[in-house]
Amino acid sequence: MQNPDFSEVVSLICKEDPRFDRRAYDFVRMGLDHTVKELRKKDTARAERSRHVSGPELLEGLRAYALDQFGPLAKTVLNTWGIKRCRDFGDIVFNLIEYNVFSKTENDRREDFSDIFDFDEAFVKPFQPTRRPRGTSAAEAFGAA
C-alpha cells in the first residue's frame, strides 16, 4: 500500500479534529522548512546534518514566517485558520506527529508550545506606531532635528 500524501493526511486529520483549517497545516509544514533553513544559516557547523527543531524554536520560526508571509495581517490570517495561541501550533504539530508526517524525540511534549509568546505582542505590536515622548516634535522623534 502506498503512503498517503500530505493533502490526504491533512484531510483525515481535519475530519477527526476540525478546529484548524487545512491551510494551517500547510503553513506549519512550510514554516518548519523555513525554520530549518534559518537554523542552518545560524549553525553552519551542523549545516550538513539533519537537525531536530524544538517546540520553542519552531514557534519562533513560525512567528517570523507568518510576519514575512502576511505582514500586518498575520494574526488575522492565523485566527481565521483557528490558530489563536502558541498551543494551537503545538496541537497541529502533534496531529501531524500522530500521522507520522512529523517526528518527535522522547523529550518533545505538547507543553513545549505553551505560552511562548502572546499573539498580540508577536503579530500586532510590530506594526503599531510608536508613541513619541510628550514634548517631542515629530522631527525629533524621527531623528530629523
# chains A, B, ... in the order shown; residues from 1 in each chain; ligands from 1
$ residues_around --residues "Ile83 in chain A" --least-positions-apart "5" --cutoff "8 Å" --atoms "only C-alpha atoms" --output "list of chain:residue names"
A:Phe20, A:Ala24, A:Leu78, A:Asp88, A:Phe89
$ residues_around --residues "Asp112 in chain A" --least-positions-apart "6" --cutoff "10 Å" --atoms "only C-alpha atoms" --output "ChimeraX atom specification"
/A:54-59,86-87,90
$ write_last_selection --atoms "N, CA and C atoms" --output "PDB file, in the first residue's frame"
ATOM      1  N   SER A  54      13.246  22.144  18.149  1.00  0.00           N
ATOM      2  CA  SER A  54      12.457  22.100  19.389  1.00  0.00           C
ATOM      3  C   SER A  54      11.167  22.894  19.214  1.00  0.00           C
ATOM      4  N   GLY A  55      10.228  22.706  20.122  1.00  0.00           N
ATOM      5  CA  GLY A  55       8.979  23.447  20.095  1.00  0.00           C
ATOM      6  C   GLY A  55       9.185  24.953  20.108  1.00  0.00           C
ATOM      7  N   PRO A  56       9.956  25.481  21.059  1.00  0.00           N
ATOM      8  CA  PRO A  56      10.191  26.929  21.079  1.00  0.00           C
ATOM      9  C   PRO A  56      10.896  27.442  19.816  1.00  0.00           C
ATOM     10  N   GLU A  57      11.832  26.669  19.268  1.00  0.00           N
ATOM     11  CA  GLU A  57      12.493  27.082  18.025  1.00  0.00           C
ATOM     12  C   GLU A  57      11.491  27.134  16.875  1.00  0.00           C
ATOM     13  N   LEU A  58      10.629  26.120  16.806  1.00  0.00           N
ATOM     14  CA  LEU A  58       9.622  26.105  15.749  1.00  0.00           C
ATOM     15  C   LEU A  58       8.665  27.276  15.899  1.00  0.00           C
ATOM     16  N   LEU A  59       8.245  27.555  17.118  1.00  0.00           N
ATOM     17  CA  LEU A  59       7.343  28.686  17.329  1.00  0.00           C
ATOM     18  C   LEU A  59       7.978  29.996  16.886  1.00  0.00           C
ATOM     19  N   CYS A  86      -0.105  29.978  20.892  1.00  0.00           N
ATOM     20  CA  CYS A  86       1.012  29.072  20.620  1.00  0.00           C
ATOM     21  C   CYS A  86       0.612  27.605  20.750  1.00  0.00           C
ATOM     22  N   ARG A  87      -0.178  27.309  21.729  1.00  0.00           N
ATOM     23  CA  ARG A  87      -0.601  25.924  21.968  1.00  0.00           C
ATOM     24  C   ARG A  87      -1.306  25.329  20.749  1.00  0.00           C
ATOM     25  N   GLY A  90       1.141  23.822  18.567  1.00  0.00           N
ATOM     26  CA  GLY A  90       1.537  22.534  19.139  1.00  0.00           C
ATOM     27  C   GLY A  90       0.533  21.441  18.827  1.00  0.00           C
TER      28      GLY A  90
END
$ residues_around --residues "Trp81 in chain A" --least-positions-apart "4" --cutoff "10 Å" --atoms "only C-alpha atoms" --output "list in words"
Arg19, Phe20, Asp21, Arg22, Arg23, Ala24, Tyr25, Phe27, Lys75, Thr76 and Val77 of chain A
$ closest_residue --among "A:Gly61, A:Glu98, A:Ala74, A:Arg51" --to "Thr35 in chain A" --atoms "only C-alpha atoms"
A:Gly61
$ residues_around --residues "Phe123 in chain A" --least-positions-apart "4" --cutoff "8 Å" --atoms "only C-alpha atoms" --output "list in words"
Arg63, Leu67, Pro72, Ala74, Lys75, Phe119 and Phe127 of chain A
$ write_last_selection --atoms "N, CA and C atoms" --output "CSV table (one decimal), in the first residue's frame"
chain,number,residue,atom,x,y,z
A,63,ARG,N,6.6,32.3,13.9
A,63,ARG,CA,6.3,33.7,14.1
A,63,ARG,C,6.9,34.5,13.0
A,67,LEU,N,5.0,36.6,9.9
A,67,LEU,CA,5.2,38.0,9.7
A,67,LEU,C,5.8,38.3,8.3
A,72,PRO,N,1.1,42.7,8.4
A,72,PRO,CA,0.2,43.2,9.5
A,72,PRO,C,-1.1,42.3,9.6
A,74,ALA,N,-1.0,39.0,9.7
A,74,ALA,CA,-0.6,37.7,10.2
A,74,ALA,C,-1.5,37.1,11.3
A,75,LYS,N,-1.8,37.9,12.3
A,75,LYS,CA,-2.7,37.5,13.4
A,75,LYS,C,-4.1,37.2,12.8
A,119,PHE,N,0.1,36.5,21.1
A,119,PHE,CA,-0.1,36.8,19.7
A,119,PHE,C,-0.2,38.3,19.4
A,127,PHE,N,3.6,46.3,14.1
A,127,PHE,CA,3.0,47.2,13.1
A,127,PHE,C,2.3,48.4,13.7
$ atom_distance --atom1 "CA of Tyr65 in chain A" --atom2 "CA of Leu12 in chain A"
25.6 Å
$ closest_residue --among "A:His34, A:Arg40, A:His52, A:Lys15" --to "Asn95 in chain A" --atoms "only C-alpha atoms"
A:Lys15
$ atom_distance --atom1 "CA of Gln69 in chain A" --atom2 "CA of Arg109 in chain A"
27.3 Å
$ closest_residue --among "A:Lys37, A:Phe113, A:Glu60, A:Asp43" --to "Ile92 in chain A" --atoms "only C-alpha atoms"
A:Phe113
$ closest_residue --among "A:Gln128, A:Glu8, A:Glu38, A:Phe102" --to "Ala64 in chain A" --atoms "only C-alpha atoms"
A:Glu38
$ closest_residue --among "A:Leu96, A:Lys125, A:Pro18, A:Val53" --to "Asp108 in chain A" --atoms "only C-alpha atoms"
A:Val53
$ select_by_dssp --residues "chain A" --states "helix (DSSP H, G or I)" --output "PyMOL selection string"
chain A and resi 6-16+22-42+44-46+55-80+86-98+110-113+119-127+138-141
$ atom_distance --atom1 "CA of Arg134 in chain A" --atom2 "CA of Ala122 in chain A"
26.2 Å
$ closest_residue --among "A:Asp120, A:Asp68, A:Asp5, A:Glu16" --to "Lys84 in chain A" --atoms "only C-alpha atoms"
A:Asp120
$ residues_around --residues "Asn100 in chain A" --least-positions-apart "3" --cutoff "12 Å" --atoms "only C-alpha atoms" --output "MDAnalysis selection string"
chainID A and resid 3:6 9:10 13 93:97 103:104
